[in-house]
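Asks: This is the structure I have questions about; it appears just below.
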Amino acid sequence: MIDLTSFEASVQIAIIGSSGGIGASLTDLMVAHPQVEHIYALSRQGNPHASTKVTSLTFDFTDEASIIKTVEDIKDSPKFEGRFDIIFVATGLLHTASIAPEKNLRTLSYEGFEQNFRVNTIGPAMTAKHFLPLLKRDSKAVFAALSARVGSISDNRLGGWYAYRAAKAALNMVIKTLAIEYARRFNKLVIIGLHPGTVDTNLSKPFQGNVPDGKLFTPEQSAEYLLKVINDVTPDATGHIIDWDGKIVPA
């Protein structure tokens with residue numbers, strides 16, 4: 001059983017990107033947890049979940065009007081009890097049919113940068129704009145967004161992957177800046193980025209060949225690791241990017 005003892009007895013969660021590998025696993029783990037009162041599972045598809053503990057909503061974080069509508073729908077929901085304990089942005093983009101991580105300077109494109117920043121930086125930032133006010137203020141609450149170790153500037157030793165690295169580095173700066181702003185008023189709030197490791201999802205499929213044995217996680221494994229980080233994290237870590245094993249990723 002996942003440990004959520006650092007939170008209050010009755011927990012409400014929003015999972016943005018609940019149809020992806022990690023997001024779906026997070027949802028299923030939380031459904032099975034007796035401490036979790038209700039989950040709002042948000043995705044482009046808005047696919048319903050079998051559990052009555054889940055409210056599924058259609059959500060597009062590349063469209064601010066969609067974000068605003070979803071927030072209003074949550075506020076109007078009879079199962080929403082006023083504040084979230086955890087908001088988890090479990091979204092990300094690495095490649096599509098038309099873009100791939102760049103191997104060198106010659107392969108850079110406007111499309112690659114635009115798509116990466118729209119999904120990996122701007123979407124989570126605009127989600128934070130409208131969802132952070134829904135977090136609890138008088139007890140521990142966490143806003144977490146999936147980031148990546150490759151967004152670390154000091155840890156970049158291989159080069160390549162220009163747009164993805166840049167978009168994740170920008171997300172890390174957004175997280176740090178949000179943490180500074182909110183820490184001035186709410187000292188129990190934690191805002192962090194999470195590096196999930198290499199997870200066996202469609203995002204990583206083309207790039208799994210060089211993953212060391214034992215370091216390719218199932219979505220369920222990664223979700224468990226990340227939820228442990230969320231339970232263990234304290235307000236003094238706000239603004240940091242944290243690895244799946246609880247270690248801070250260098251900026």
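Chain identifiers are assigned as A, B, and so on, following the order in which chains appear in the structure tokens; residues are numbered from 1 within each chain, and ligands are numbered from 1 in order of appearance.
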What are the closest atom pairs, with distances in Å to one decimal, for all residues of range 39-144 of chain A lying within 6 Å of range 181-203 of chain A? Consider only C-alpha atoms, order rows by chain and residue number, and present the result as a Markdown table.
Replies:
| residue | atom | partner | partner_atom | distance |
| --- | --- | --- | --- | --- |
| A:Ser139 | CA | A:Lys188 | CA | 5.9 |
| A:Lys140 | CA | A:Lys188 | CA | 5.0 |
| A:Ala141 | CA | A:Leu189 | CA | 5.1 |
| A:Val142 | CA | A:Val190 | CA | 4.7 |
| A:Phe143 | CA | A:Ile191 | CA | 4.8 |
| A:Ala144 | CA | A:Ile192 | CA | 5.0 |
Asks: If we count only C-alpha atoms, what is near range 163-165 of chain A at a cut-off of 7 Å, once residues fewer than 6 positions away on the same chain are taken out, given as a list in words?
Replies: Leu94, Pro101, Gly112, Phe113, Asn116, Val150 and Gly151 of chain A
Asks: Please determine, counting only C-alpha atoms, which residue among A:Ser154, A:Thr5, A:Thr62, A:Ser43 has the shortest atom-to-atom distance to Gly23 in chain A.
Replies: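 Residue with the minimum atom-to-atom distance to Gly23 in chain A: A:Ser43.
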Asks: Could you pull the residues within 7 Å of Val89 in chain A, counting only C-alpha atoms, minus those fewer than 4 positions along the same chain, as a list in words?
Replies: Ile15, Ile16, Gly17, Pro124, Ala144, Ala145 and Leu146 of chain A
Asks: Those residues with N, CA and C atoms, as a tab-separated table (two decimals), in the first residue's frame please?
Replies:
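Final output, saved to result08.tsv:
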chain	number	residue	atom	x	y	z
A	15	ILE	N	-5.42	14.55	-11.35
A	15	ILE	CA	-4.37	14.00	-12.20
A	15	ILE	C	-4.60	14.50	-13.62
A	16	ILE	N	-3.70	15.35	-14.09
A	16	ILE	CA	-3.78	15.91	-15.43
A	16	ILE	C	-2.93	15.04	-16.34
A	17	GLY	N	-3.56	14.49	-17.38
A	17	GLY	CA	-2.88	13.53	-18.23
A	17	GLY	C	-3.13	12.11	-17.75
A	124	PRO	N	1.85	22.97	-18.68
A	124	PRO	CA	1.93	22.88	-17.21
A	124	PRO	C	1.88	24.23	-16.51
A	144	ALA	N	2.76	18.78	-8.37
A	144	ALA	CA	3.91	18.11	-8.98
A	144	ALA	C	3.70	18.00	-10.49
A	145	ALA	N	4.75	18.24	-11.24
A	145	ALA	CA	4.70	18.12	-12.70
A	145	ALA	C	5.85	17.23	-13.16
A	146	LEU	N	5.56	16.35	-14.12
A	146	LEU	CA	6.63	15.52	-14.67
A	146	LEU	C	7.64	16.38	-15.41
Asks: Just want the 6 Å neighbourhood of range 224-236 of chain A, counted on only C-alpha atoms, with same-chain residues fewer than 3 positions away dropped. Output as a PyMOL selection string.
Replies: chain A and resi 4+6+188+190+221+244+246
Asks: Please, could you write that set of residues out with N, CA and C atoms as a short mmCIF file (atom, residue, chain, number, x, y, z; two decimals), in the first residue's frame?
Replies:
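Result file follows (result18.cif):
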data_model
loop_
_atom_site.label_atom_id
_atom_site.label_comp_id
_atom_site.auth_asym_id
_atom_site.auth_seq_id
_atom_site.Cartn_x
_atom_site.Cartn_y
_atom_site.Cartn_z
N LEU A 4 0.55 7.47 2.37
CA LEU A 4 0.10 8.86 2.23
C LEU A 4 -0.09 9.51 3.60
N SER A 6 1.61 11.52 5.29
CA SER A 6 1.99 12.92 5.48
C SER A 6 0.86 13.88 5.12
N LYS A 188 3.06 25.61 3.82
CA LYS A 188 2.87 24.15 3.80
C LYS A 188 2.69 23.60 2.39
N VAL A 190 3.92 22.60 -1.36
CA VAL A 190 5.13 22.10 -2.02
C VAL A 190 4.89 22.08 -3.53
N GLN A 221 5.48 0.78 -11.60
CA GLN A 221 6.66 1.00 -10.76
C GLN A 221 6.94 2.49 -10.60
N TRP A 244 13.15 9.97 -9.23
CA TRP A 244 12.23 8.91 -8.79
C TRP A 244 12.65 8.28 -7.47
N GLY A 246 14.06 9.96 -4.97
CA GLY A 246 14.06 10.95 -3.91
C GLY A 246 15.25 11.89 -3.90
#
Asks: Taking only range 75-207 of chain A into account, list the residues labelled helix (DSSP H, G or I) by DSSP (computed from the backbone), as a PyMOL selection string.
Replies: chain A and resi 75-76+105-107+110-134+149-151+162-183+205-207
Asks: So that I can check the secondary structure, give me every residue of range 3-248 of chain A assigned strand (DSSP E) by backbone DSSP, as a ChimeraX atom specification.
Replies: /A:11-16,36-43,54-58,86-89,141-146,189-195,198-199,216-217,241-243
Asks: Would you save the residues of that selection, restricted to N, CA and C atoms, as a compact mmCIF listing (two decimals), in the first residue's frame?
Replies:
# COMPACT_ATOMS: atom_id res chain seq x y z
N VAL A 11 -8.11 12.41 1.34
CA VAL A 11 -7.30 13.05 0.31
C VAL A 11 -8.08 13.19 -0.99
N GLN A 12 -7.99 14.39 -1.59
CA GLN A 12 -8.54 14.63 -2.93
C GLN A 12 -7.39 14.93 -3.89
N ILE A 13 -7.48 14.37 -5.09
CA ILE A 13 -6.38 14.45 -6.05
C ILE A 13 -6.90 14.84 -7.43
N ALA A 14 -6.12 15.65 -8.14
CA ALA A 14 -6.35 15.90 -9.57
C ALA A 14 -5.16 15.35 -10.33
N ILE A 15 -5.42 14.55 -11.35
CA ILE A 15 -4.37 14.00 -12.20
C ILE A 15 -4.60 14.50 -13.62
N ILE A 16 -3.70 15.35 -14.09
CA ILE A 16 -3.78 15.91 -15.43
C ILE A 16 -2.93 15.04 -16.34
N VAL A 36 -7.76 7.88 -0.01
CA VAL A 36 -8.15 8.77 -1.11
C VAL A 36 -9.66 8.84 -1.21
N GLU A 37 -10.18 10.05 -1.05
CA GLU A 37 -11.63 10.26 -1.08
C GLU A 37 -12.14 10.33 -2.52
N HIS A 38 -11.44 11.14 -3.35
CA HIS A 38 -11.90 11.30 -4.73
C HIS A 38 -10.75 11.75 -5.62
N ILE A 39 -10.86 11.35 -6.90
CA ILE A 39 -9.85 11.69 -7.91
C ILE A 39 -10.55 12.35 -9.08
N TYR A 40 -9.99 13.45 -9.54
CA TYR A 40 -10.44 14.06 -10.79
C TYR A 40 -9.39 13.72 -11.84
N ALA A 41 -9.79 12.89 -12.81
CA ALA A 41 -8.90 12.39 -13.85
C ALA A 41 -9.15 13.18 -15.13
N LEU A 42 -8.17 13.96 -15.55
CA LEU A 42 -8.33 14.89 -16.67
C LEU A 42 -7.48 14.45 -17.84
N SER A 43 -8.09 14.41 -19.03
CA SER A 43 -7.36 14.04 -20.23
C SER A 43 -8.10 14.57 -21.46
N VAL A 54 -13.71 8.15 -9.07
CA VAL A 54 -13.07 8.94 -10.13
C VAL A 54 -14.11 9.72 -10.91
N THR A 55 -13.85 11.03 -11.06
CA THR A 55 -14.61 11.86 -12.00
C THR A 55 -13.69 12.16 -13.17
N SER A 56 -14.07 11.71 -14.36
CA SER A 56 -13.26 11.93 -15.55
C SER A 56 -13.79 13.13 -16.32
N LEU A 57 -12.87 14.03 -16.68
CA LEU A 57 -13.24 15.24 -17.40
C LEU A 57 -12.34 15.44 -18.61
N THR A 58 -12.92 15.98 -19.68
CA THR A 58 -12.14 16.32 -20.87
C THR A 58 -11.36 17.60 -20.60
N ILE A 86 -3.34 16.96 -3.61
CA ILE A 86 -2.32 16.70 -4.62
C ILE A 86 -2.86 17.06 -5.98
N ILE A 87 -2.08 17.82 -6.73
CA ILE A 87 -2.35 18.05 -8.15
C ILE A 87 -1.12 17.55 -8.90
N PHE A 88 -1.32 16.60 -9.80
CA PHE A 88 -0.21 15.95 -10.50
C PHE A 88 -0.38 16.16 -12.00
N VAL A 89 0.58 16.85 -12.62
CA VAL A 89 0.59 17.05 -14.07
C VAL A 89 1.46 15.94 -14.67
N ALA A 141 0.16 20.22 1.03
CA ALA A 141 -0.43 20.03 -0.29
C ALA A 141 0.71 20.10 -1.30
N VAL A 142 0.57 19.32 -2.39
CA VAL A 142 1.65 19.20 -3.37
C VAL A 142 1.13 19.43 -4.78
N PHE A 143 1.83 20.30 -5.51
CA PHE A 143 1.66 20.43 -6.96
C PHE A 143 2.92 19.85 -7.59
N ALA A 144 2.76 18.78 -8.37
CA ALA A 144 3.91 18.11 -8.98
C ALA A 144 3.70 18.00 -10.49
N ALA A 145 4.75 18.24 -11.24
CA ALA A 145 4.70 18.12 -12.70
C ALA A 145 5.85 17.23 -13.16
N LEU A 146 5.56 16.35 -14.12
CA LEU A 146 6.63 15.52 -14.67
C LEU A 146 7.64 16.38 -15.41
N LEU A 189 2.77 24.48 1.42
CA LEU A 189 2.59 24.09 0.02
C LEU A 189 3.92 23.70 -0.60
N VAL A 190 3.92 22.60 -1.36
CA VAL A 190 5.13 22.10 -2.02
C VAL A 190 4.89 22.08 -3.53
N ILE A 191 5.77 22.72 -4.27
CA ILE A 191 5.70 22.73 -5.73
C ILE A 191 7.00 22.12 -6.26
N ILE A 192 6.89 20.99 -6.94
CA ILE A 192 8.08 20.27 -7.39
C ILE A 192 7.92 19.74 -8.81
N GLY A 193 9.06 19.48 -9.44
CA GLY A 193 9.10 18.70 -10.67
C GLY A 193 9.60 17.31 -10.32
N LEU A 194 9.19 16.32 -11.09
CA LEU A 194 9.56 14.94 -10.82
C LEU A 194 10.18 14.30 -12.06
N HIS A 195 11.34 13.66 -11.87
CA HIS A 195 11.94 12.86 -12.94
C HIS A 195 11.55 11.41 -12.70
N THR A 198 13.32 6.20 -16.73
CA THR A 198 12.89 5.76 -18.05
C THR A 198 11.76 4.76 -17.87
N VAL A 199 10.60 5.11 -18.41
CA VAL A 199 9.39 4.33 -18.17
C VAL A 199 8.95 3.70 -19.49
N LEU A 216 14.60 0.23 -16.60
CA LEU A 216 13.41 0.49 -17.40
C LEU A 216 12.21 0.11 -16.55
N PHE A 217 11.48 1.11 -16.09
CA PHE A 217 10.39 0.89 -15.15
C PHE A 217 9.07 0.68 -15.88
N ILE A 241 13.61 19.91 -8.55
CA ILE A 241 13.28 18.77 -9.39
C ILE A 241 13.84 17.54 -8.67
N ILE A 242 13.00 16.54 -8.46
CA ILE A 242 13.37 15.39 -7.64
C ILE A 242 13.28 14.11 -8.46
N ASP A 243 14.31 13.30 -8.36
CA ASP A 243 14.40 12.03 -9.07
C ASP A 243 13.42 11.03 -8.48
Asks: Would you list the contacts of Lys69 in chain A as a list in words, taking every protein, DNA or RNA residue within 10 Å and counting only C-alpha atoms, but skipping same-chain residues closer than 5 positions in sequence?
Replies: Thr58, Phe59, Glu64, Ile74 and Lys75 of chain A
Asks: Store the residues picked out above in a file with N, CA and C atoms, as a PDB file, in the first residue's frame.
Replies:
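Result saved to again.pdb:
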ATOM      1  N   THR A  58     -12.920  15.978 -19.680  1.00  0.00           N
ATOM      2  CA  THR A  58     -12.138  16.318 -20.867  1.00  0.00           C
ATOM      3  C   THR A  58     -11.362  17.599 -20.599  1.00  0.00           C
ATOM      4  N   PHE A  59     -10.083  17.594 -20.985  1.00  0.00           N
ATOM      5  CA  PHE A  59      -9.191  18.683 -20.597  1.00  0.00           C
ATOM      6  C   PHE A  59      -8.100  18.843 -21.647  1.00  0.00           C
ATOM      7  N   GLU A  64      -6.436  27.649 -23.009  1.00  0.00           N
ATOM      8  CA  GLU A  64      -6.752  28.203 -21.693  1.00  0.00           C
ATOM      9  C   GLU A  64      -8.240  28.162 -21.396  1.00  0.00           C
ATOM     10  N   ILE A  74     -15.055  21.415 -11.936  1.00  0.00           N
ATOM     11  CA  ILE A  74     -14.631  20.807 -10.671  1.00  0.00           C
ATOM     12  C   ILE A  74     -15.278  21.531  -9.493  1.00  0.00           C
ATOM     13  N   LYS A  75     -15.255  22.853  -9.517  1.00  0.00           N
ATOM     14  CA  LYS A  75     -15.854  23.621  -8.422  1.00  0.00           C
ATOM     15  C   LYS A  75     -17.343  23.322  -8.277  1.00  0.00           C
TER      16      LYS A  75
END
Asks: Could you pull the residues within 8 Å of Leu171 in chain A, counting only C-alpha atoms, minus those fewer than 2 positions along the same chain, as a list in words?
Replies: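 The contact residues come out as Asn120, Thr121, Ile122, Pro124, Ala125, Ser147, Ala167, Lys168, Ala169, Met173, Val174 and Ile175 of chain A.
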Asks: Given only C-alpha atoms as the basis, pick out the residue of A:Ser10, A:Phe80, A:Leu29, A:Gly20 nearest to Gly46 in chain A.
Replies: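 Among the listed residues, A:Gly20 lies closest to Gly46 in chain A.
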